[in-house]
>>> print(open('upload.cif').read())   # mmCIF, C-alpha atoms
data_input
#
loop_
_atom_site.label_atom_id
_atom_site.label_comp_id
_atom_site.auth_asym_id
_atom_site.auth_seq_id
_atom_site.Cartn_x
_atom_site.Cartn_y
_atom_site.Cartn_z
CA MET A 1 198.37 136.58 234.16
CA VAL A 2 197.37 136.13 230.53
CA GLY A 3 196.41 132.53 231.18
CA ARG A 4 194.17 133.42 234.12
CA HIS A 5 192.24 136.05 232.17
CA GLN A 6 192.08 133.86 229.07
CA ARG A 7 190.63 130.93 231.02
CA GLU A 8 187.98 133.25 232.39
CA LEU A 9 187.06 134.61 228.99
CA ASP A 10 187.03 131.15 227.43
CA ARG A 11 184.12 130.38 229.70
CA ARG A 12 182.12 133.08 227.93
CA GLY A 13 181.30 130.55 225.26
CA ARG A 14 179.07 128.79 227.74
CA ARG A 15 175.65 130.41 227.63
CA ASP A 16 175.48 130.52 231.44
CA ARG A 17 178.52 132.80 232.02
CA PRO A 18 179.02 131.12 235.45
CA THR A 19 182.18 132.96 236.49
CA PHE A 20 180.55 136.33 235.99
CA TYR A 21 177.44 135.29 237.92
CA THR A 22 179.65 134.01 240.74
CA ARG A 23 181.21 137.45 241.13
CA LEU A 24 177.98 139.33 240.62
CA VAL A 25 175.79 137.31 242.99
CA PRO A 26 176.04 138.18 245.81
CA GLY A 27 179.30 140.16 245.96
CA GLY A 28 178.57 142.60 243.15
CA LEU A 29 174.95 143.17 244.12
CA ASP A 30 176.02 143.78 247.72
CA LYS A 31 177.98 146.82 246.52
CA ILE A 32 174.83 148.58 245.31
CA ALA A 33 173.43 150.82 248.04
CA GLY A 34 170.07 149.63 249.34
CA LEU A 35 169.73 146.67 247.00
CA ALA A 36 171.05 143.92 249.28
CA ASP A 37 168.41 144.63 251.92
CA ARG A 38 165.61 144.54 249.36
CA LEU A 39 166.86 141.23 248.03
CA LEU A 40 167.11 139.69 251.49
CA ASP A 41 163.62 140.93 252.42
CA GLY A 42 162.18 139.57 249.19
CA CYS A 43 161.27 141.21 245.90
CA ARG A 44 160.86 140.48 242.19
CA VAL A 45 164.09 139.98 240.25
CA VAL A 46 164.37 139.64 236.47
CA ASP A 47 167.47 138.17 234.83
CA THR A 48 167.47 139.19 231.17
CA ALA A 49 169.32 137.03 228.64
CA CYS A 50 169.27 134.33 231.31
CA GLY A 51 170.65 131.60 229.07
CA ALA A 52 170.57 128.09 230.50
CA GLY A 53 169.64 129.25 233.98
CA ALA A 54 172.82 129.59 236.03
CA GLY A 55 171.92 133.11 237.08
CA VAL A 56 168.28 132.53 238.03
CA ILE A 57 169.30 129.49 240.08
CA ARG A 58 172.03 131.39 241.88
CA LEU A 59 169.68 134.29 242.58
CA ALA A 60 166.93 132.00 243.89
CA GLN A 61 169.34 130.11 246.12
CA ARG A 62 170.99 133.23 247.50
CA TYR A 63 167.76 135.18 247.99
CA PRO A 64 165.08 132.63 248.96
CA ASN A 65 162.47 135.32 249.68
CA CYS A 66 162.62 136.62 246.11
CA GLN A 67 160.62 135.64 243.05
CA VAL A 68 163.03 135.34 240.14
CA MET A 69 162.14 135.51 236.45
CA GLY A 70 164.48 134.58 233.63
CA VAL A 71 163.94 135.99 230.14
CA ASP A 72 165.76 134.85 227.02
CA GLY A 73 165.03 134.99 223.31
CA ASP A 74 166.42 131.51 222.62
CA GLN A 75 163.99 128.63 223.18
CA HIS A 76 166.75 126.02 223.46
CA SER A 77 168.34 127.98 226.31
CA ILE A 78 164.98 128.31 228.05
CA ASN A 79 164.43 124.55 227.71
CA GLN A 80 167.81 123.93 229.32
CA ALA A 81 167.02 126.43 232.05
CA GLN A 82 163.74 124.68 232.85
CA VAL A 83 165.56 121.40 233.42
CA ALA A 84 168.29 123.09 235.47
CA VAL A 85 165.76 124.92 237.64
CA ARG A 86 163.87 121.71 238.39
CA THR A 87 167.09 119.88 239.16
CA ALA A 88 168.13 122.66 241.56
CA GLY A 89 164.77 122.46 243.32
CA VAL A 90 163.92 126.15 242.96
CA GLU A 91 161.01 125.91 240.52
CA ASP A 92 158.65 127.33 243.16
CA ARG A 93 160.56 130.63 243.06
CA VAL A 94 161.66 130.81 239.42
CA SER A 95 159.66 131.46 236.26
CA LEU A 96 161.01 131.54 232.71
CA ALA A 97 159.87 133.23 229.51
CA CYS A 98 161.12 132.96 225.94
CA VAL A 99 160.93 136.42 224.42
CA PRO A 100 163.49 138.71 222.77
CA LEU A 101 164.48 141.56 225.05
CA GLU A 102 163.40 143.98 222.35
CA GLU A 103 159.85 142.64 222.82
CA MET A 104 159.88 142.10 226.58
CA VAL A 105 156.77 143.23 228.46
CA LEU A 106 156.26 142.12 232.07
CA ASP A 107 152.89 141.62 233.72
CA GLN A 108 154.31 142.60 237.12
CA PRO A 109 156.91 145.28 237.89
CA ALA A 110 160.36 144.21 239.04
CA THR A 111 162.50 145.64 241.83
CA VAL A 112 165.69 144.84 239.95
CA VAL A 113 166.47 143.88 236.36
CA ILE A 114 169.88 142.31 235.70
CA ASN A 115 171.70 141.87 232.42
CA ASN A 116 174.88 139.82 232.72
CA ILE A 117 177.42 139.86 229.86
CA SER A 118 174.75 140.27 227.19
CA MET A 119 173.84 143.94 226.95
CA HIS A 120 176.36 144.46 224.17
CA GLU A 121 174.57 141.73 222.18
CA CYS A 122 171.25 143.60 222.02
CA ARG A 123 170.12 144.25 218.46
CA ASP A 124 168.33 147.42 219.60
CA ILE A 125 169.89 148.54 222.86
CA GLU A 126 167.69 151.63 223.09
CA ARG A 127 164.52 149.56 222.78
CA VAL A 128 165.78 147.06 225.35
CA THR A 129 166.55 149.85 227.82
CA GLN A 130 163.12 151.35 227.19
CA ASN A 131 161.54 147.96 227.97
CA VAL A 132 163.61 147.57 231.12
CA THR A 133 162.54 151.02 232.28
CA ALA A 134 158.90 150.06 231.79
CA ALA A 135 159.45 146.76 233.62
CA LEU A 136 160.89 148.38 236.76
CA GLU A 137 158.88 149.63 239.70
CA PRO A 138 159.54 153.27 240.65
CA GLY A 139 162.93 153.34 242.35
CA GLY A 140 163.87 149.95 240.91
CA TRP A 141 167.42 149.10 239.85
CA PHE A 142 168.85 148.24 236.44
CA VAL A 143 172.15 146.37 236.80
CA ILE A 144 174.37 145.93 233.72
CA SER A 145 177.26 143.50 234.17
CA ASP A 146 179.54 143.39 231.13
CA PHE A 147 183.03 143.49 229.66
CA PRO A 148 184.54 147.00 230.06
CA PHE A 149 186.07 147.39 226.60
CA PRO A 150 188.98 149.86 226.84
CA ASN A 151 188.50 153.33 225.38
CA THR A 152 192.15 154.42 225.51
CA ASP A 153 195.31 153.24 223.76
CA GLU A 154 196.84 152.42 227.12
CA GLY A 155 193.86 150.27 228.05
CA LEU A 156 193.96 148.44 224.74
CA ARG A 157 197.64 147.60 225.27
CA SER A 158 197.05 146.12 228.74
CA VAL A 159 196.73 142.35 229.18
CA PRO A 160 192.96 142.46 229.78
CA GLY A 161 192.63 144.95 226.92
CA ARG A 162 194.45 142.69 224.48
CA ILE A 163 192.27 139.76 225.48
CA MET A 164 189.11 141.82 225.06
CA CYS A 165 190.37 142.87 221.62
CA GLY A 166 190.39 139.19 220.74
CA ILE A 167 186.86 138.86 222.03
CA GLN A 168 185.91 141.95 220.04
CA PHE A 169 187.14 140.29 216.85
CA PHE A 170 184.85 137.34 217.56
CA GLU A 171 181.94 139.66 218.37
CA ALA A 172 182.35 141.37 215.00
CA GLN A 173 181.79 138.04 213.24
CA ILE A 174 178.32 137.75 214.81
CA ASP A 175 177.38 141.42 214.42
CA ASP A 176 177.99 142.29 218.09
CA GLN A 177 180.32 144.85 219.63
CA LEU A 178 181.80 145.15 223.11
CA LEU A 179 181.23 148.63 224.52
CA PRO A 180 183.28 150.86 226.81
CA ARG A 181 181.80 150.88 230.29
CA ALA A 182 181.07 154.61 230.03
CA ALA A 183 178.74 153.90 227.10
CA TYR A 184 176.31 152.43 229.61
CA ASP A 185 176.41 155.66 231.63
CA GLU A 186 175.34 157.55 228.53
CA LEU A 187 172.65 154.98 227.76
CA LEU A 188 171.09 155.11 231.22
CA ILE A 189 171.22 158.91 231.35
CA ARG A 190 169.41 159.10 227.99
CA HIS A 191 166.62 156.98 229.45
CA GLY A 192 166.21 159.09 232.56
CA PHE A 193 167.80 156.81 235.15
CA THR A 194 169.17 158.31 238.37
CA ASP A 195 171.70 157.35 241.07
CA LEU A 196 174.10 156.21 238.37
CA ASP A 197 177.24 154.46 239.58
CA SER A 198 179.70 151.73 238.59
CA PHE A 199 182.46 149.51 239.94
CA THR A 200 184.93 146.90 238.74
CA LEU A 201 184.80 143.26 239.82
CA SER A 202 187.79 142.13 237.74
CA PRO A 203 189.89 143.59 234.91
CA VAL A 204 187.41 142.06 232.46
CA HIS A 205 184.20 142.54 234.45
CA ALA A 206 182.51 145.84 235.35
CA VAL A 207 179.08 146.67 236.71
CA THR A 208 177.04 149.77 235.88
CA HIS A 209 173.83 150.40 237.80
CA ALA A 210 171.16 153.05 238.15
CA ARG A 211 167.58 153.47 239.34
CA ARG A 212 164.31 154.31 237.69
CA PRO A 213 163.10 157.57 239.23
CA ALA A 214 160.77 157.01 242.18
#
>>> encode(input="upload.cif", output="structure tokens")
Amino acid sequence: MVGRHQRELDRRGRRDRPTFYTRLVPGGLDKIAGLADRLLDGCRVVDTACGAGAGVIRLAQRYPNCQVMGVDGDQHSINQAQVAVRTAGVEDRVSLACVPLEEMVLDQPATVVINNISMHECRDIERVTQNVTAALEPGGWFVISDFPFPNTDEGLRSVPGRIMCGIQFFEAQIDDQLLPRAAYDELLIRHGFTDLDSFTLSPVHAVTHARRPA
């Protein structure tokens, strides 16, 4: 059991976070009431902290009627994503922008904004959430996919909890901090989101989602 979870977390070092995207798209998104139909019909999707493009490619391939935008503050990652998007043949449905999430301003509203395994890395999480709110159309979804750091002694002693403690030690070296899943509830409530809900995709992967008021 330890080995399975450790192999999964080892992949976190890759900027793409492919295992987490595989669970999130489409299975995780399908669990969010009303979202799957919008995605199948076609809408604007923004993948924040998109890294080298695994998520935007998966989204474009799964939802061919959607326009997908990837945003990342690292130019090297965006350069890699551009190559990957062209190689995947989805450049007609994917756009990319290099901008820190704390400075993100979109020229068109999005139906859904996704952040996959990077929300805890935000230097100003309140500012990022404010920008996401502004980027969403009324009724749009904000989907946060992240590690659910345990908030109880029992959770910390579990196998996934011990592994996430190891990840937390690494995060501390780069001035990041894994957050308990409930911290995202509090964050979204502070910013006026509604229809708040969450679910678990694996012992080390949870999704919190809510909607901008219509």
>>> closest_atom_pairs(input="upload.cif", of="region 42-140 of chain A", to="region 144-167 of chain A", cutoff="6 Å", atoms="only C-alpha atoms", output="Markdown table")
| residue | atom | partner | partner_atom | distance |
| --- | --- | --- | --- | --- |
| A:Asn115 | CA | A:Ile144 | CA | 5.0 |
| A:Asn116 | CA | A:Ser145 | CA | 4.6 |
| A:Ile117 | CA | A:Asp146 | CA | 4.3 |
>>> atom_distance(input="upload.cif", atom1="CA of Gly34 (chain A)", atom2="CA of Ala88 (chain A)")
28.1 Å
>>> closest_residue(input="upload.cif", among="A:Thr194, A:Ser202, A:Arg212, A:Leu40", to="Phe20 (chain A)", atoms="all atoms listed in the file")
A:Ser202
>>> closest_residue(input="upload.cif", among="A:Phe169, A:His191, A:Pro64, A:Arg127", to="Asp92 (chain A)", atoms="only C-alpha atoms")
A:Pro64
>>> axis_aligned_box(input="upload.cif", around="region 87-90 of chain A", padding_each_side="4 Å", output="JSON")
{"center_x": 166.0, "center_y": 123.0, "center_z": 241.2, "size_x": 12.2, "size_y": 14.3, "size_z": 12.2}
>>> atom_distance(input="upload.cif", atom1="CA of Ala135 (chain A)", atom2="CA of Gly192 (chain A)")
14.1 Å
>>> residues_around(input="upload.cif", residues="region 41-49 of chain A", least_positions_apart="6", cutoff="9 Å", atoms="only C-alpha atoms", output="ChimeraX atom specification")
/A:55-56,59,63-74,100-101,108-119
>>> atom_distance(input="upload.cif", atom1="CA of Arg123 (chain A)", atom2="CA of Pro203 (chain A)")
25.7 Å
>>> residues_near_point(input="upload.cif", point="(160.5, 126.1, 242.8)", cutoff="10 Å", atoms="only C-alpha atoms", output="PDB file with C-alpha atoms, in the frame of the given file")
ATOM      1  CA  ILE A  57     169.300 129.490 240.080  1.00  0.00           C
ATOM      2  CA  ALA A  60     166.930 132.000 243.890  1.00  0.00           C
ATOM      3  CA  GLN A  67     160.620 135.640 243.050  1.00  0.00           C
ATOM      4  CA  VAL A  68     163.030 135.340 240.140  1.00  0.00           C
ATOM      5  CA  VAL A  85     165.760 124.920 237.640  1.00  0.00           C
ATOM      6  CA  ARG A  86     163.870 121.710 238.390  1.00  0.00           C
ATOM      7  CA  THR A  87     167.090 119.880 239.160  1.00  0.00           C
ATOM      8  CA  ALA A  88     168.130 122.660 241.560  1.00  0.00           C
ATOM      9  CA  GLY A  89     164.770 122.460 243.320  1.00  0.00           C
ATOM     10  CA  VAL A  90     163.920 126.150 242.960  1.00  0.00           C
ATOM     11  CA  GLU A  91     161.010 125.910 240.520  1.00  0.00           C
ATOM     12  CA  ASP A  92     158.650 127.330 243.160  1.00  0.00           C
ATOM     13  CA  ARG A  93     160.560 130.630 243.060  1.00  0.00           C
ATOM     14  CA  VAL A  94     161.660 130.810 239.420  1.00  0.00           C
ATOM     15  CA  SER A  95     159.660 131.460 236.260  1.00  0.00           C
TER      16      SER A  95
END
>>> build_atoms(input="upload.cif", residues="region 156-171 of chain A", atoms="N, CA and C atoms", output="PDB file, in the coordinates of the input")
ATOM      1  N   LEU A 156     193.921 149.465 225.773  1.00  0.00           N
ATOM      2  CA  LEU A 156     193.960 148.440 224.740  1.00  0.00           C
ATOM      3  C   LEU A 156     195.258 147.646 224.772  1.00  0.00           C
ATOM      4  N   ARG A 157     196.348 148.278 225.226  1.00  0.00           N
ATOM      5  CA  ARG A 157     197.640 147.600 225.270  1.00  0.00           C
ATOM      6  C   ARG A 157     197.811 146.740 226.525  1.00  0.00           C
ATOM      7  N   SER A 158     196.946 146.913 227.512  1.00  0.00           N
ATOM      8  CA  SER A 158     197.050 146.120 228.740  1.00  0.00           C
ATOM      9  C   SER A 158     196.694 144.665 228.446  1.00  0.00           C
ATOM     10  N   VAL A 159     197.046 143.774 229.375  1.00  0.00           N
ATOM     11  CA  VAL A 159     196.730 142.350 229.180  1.00  0.00           C
ATOM     12  C   VAL A 159     195.225 142.132 229.045  1.00  0.00           C
ATOM     13  N   PRO A 160     194.409 142.637 229.977  1.00  0.00           N
ATOM     14  CA  PRO A 160     192.960 142.460 229.780  1.00  0.00           C
ATOM     15  C   PRO A 160     192.464 143.108 228.494  1.00  0.00           C
ATOM     16  N   GLY A 161     193.043 144.270 228.144  1.00  0.00           N
ATOM     17  CA  GLY A 161     192.630 144.950 226.920  1.00  0.00           C
ATOM     18  C   GLY A 161     192.928 144.133 225.683  1.00  0.00           C
ATOM     19  N   ARG A 162     194.106 143.506 225.641  1.00  0.00           N
ATOM     20  CA  ARG A 162     194.450 142.690 224.480  1.00  0.00           C
ATOM     21  C   ARG A 162     193.525 141.485 224.368  1.00  0.00           C
ATOM     22  N   ILE A 163     193.188 140.908 225.504  1.00  0.00           N
ATOM     23  CA  ILE A 163     192.270 139.760 225.480  1.00  0.00           C
ATOM     24  C   ILE A 163     190.895 140.203 225.004  1.00  0.00           C
ATOM     25  N   MET A 164     190.425 141.346 225.501  1.00  0.00           N
ATOM     26  CA  MET A 164     189.110 141.820 225.060  1.00  0.00           C
ATOM     27  C   MET A 164     189.118 142.214 223.590  1.00  0.00           C
ATOM     28  N   CYS A 165     190.272 142.618 223.061  1.00  0.00           N
ATOM     29  CA  CYS A 165     190.370 142.870 221.620  1.00  0.00           C
ATOM     30  C   CYS A 165     190.125 141.587 220.838  1.00  0.00           C
ATOM     31  N   GLY A 166     190.650 140.476 221.368  1.00  0.00           N
ATOM     32  CA  GLY A 166     190.390 139.190 220.740  1.00  0.00           C
ATOM     33  C   GLY A 166     188.912 138.836 220.773  1.00  0.00           C
ATOM     34  N   ILE A 167     188.289 139.087 221.919  1.00  0.00           N
ATOM     35  CA  ILE A 167     186.860 138.860 222.030  1.00  0.00           C
ATOM     36  C   ILE A 167     186.093 139.778 221.071  1.00  0.00           C
ATOM     37  N   GLN A 168     186.566 141.003 220.944  1.00  0.00           N
ATOM     38  CA  GLN A 168     185.910 141.950 220.040  1.00  0.00           C
ATOM     39  C   GLN A 168     185.944 141.454 218.597  1.00  0.00           C
ATOM     40  N   PHE A 169     187.043 140.842 218.204  1.00  0.00           N
ATOM     41  CA  PHE A 169     187.140 140.290 216.850  1.00  0.00           C
ATOM     42  C   PHE A 169     186.065 139.226 216.648  1.00  0.00           C
ATOM     43  N   PHE A 170     185.899 138.355 217.645  1.00  0.00           N
ATOM     44  CA  PHE A 170     184.850 137.340 217.560  1.00  0.00           C
ATOM     45  C   PHE A 170     183.472 137.992 217.496  1.00  0.00           C
ATOM     46  N   GLU A 171     183.246 138.994 218.340  1.00  0.00           N
ATOM     47  CA  GLU A 171     181.940 139.660 218.370  1.00  0.00           C
ATOM     48  C   GLU A 171     181.595 140.235 216.998  1.00  0.00           C
TER      49      GLU A 171
END
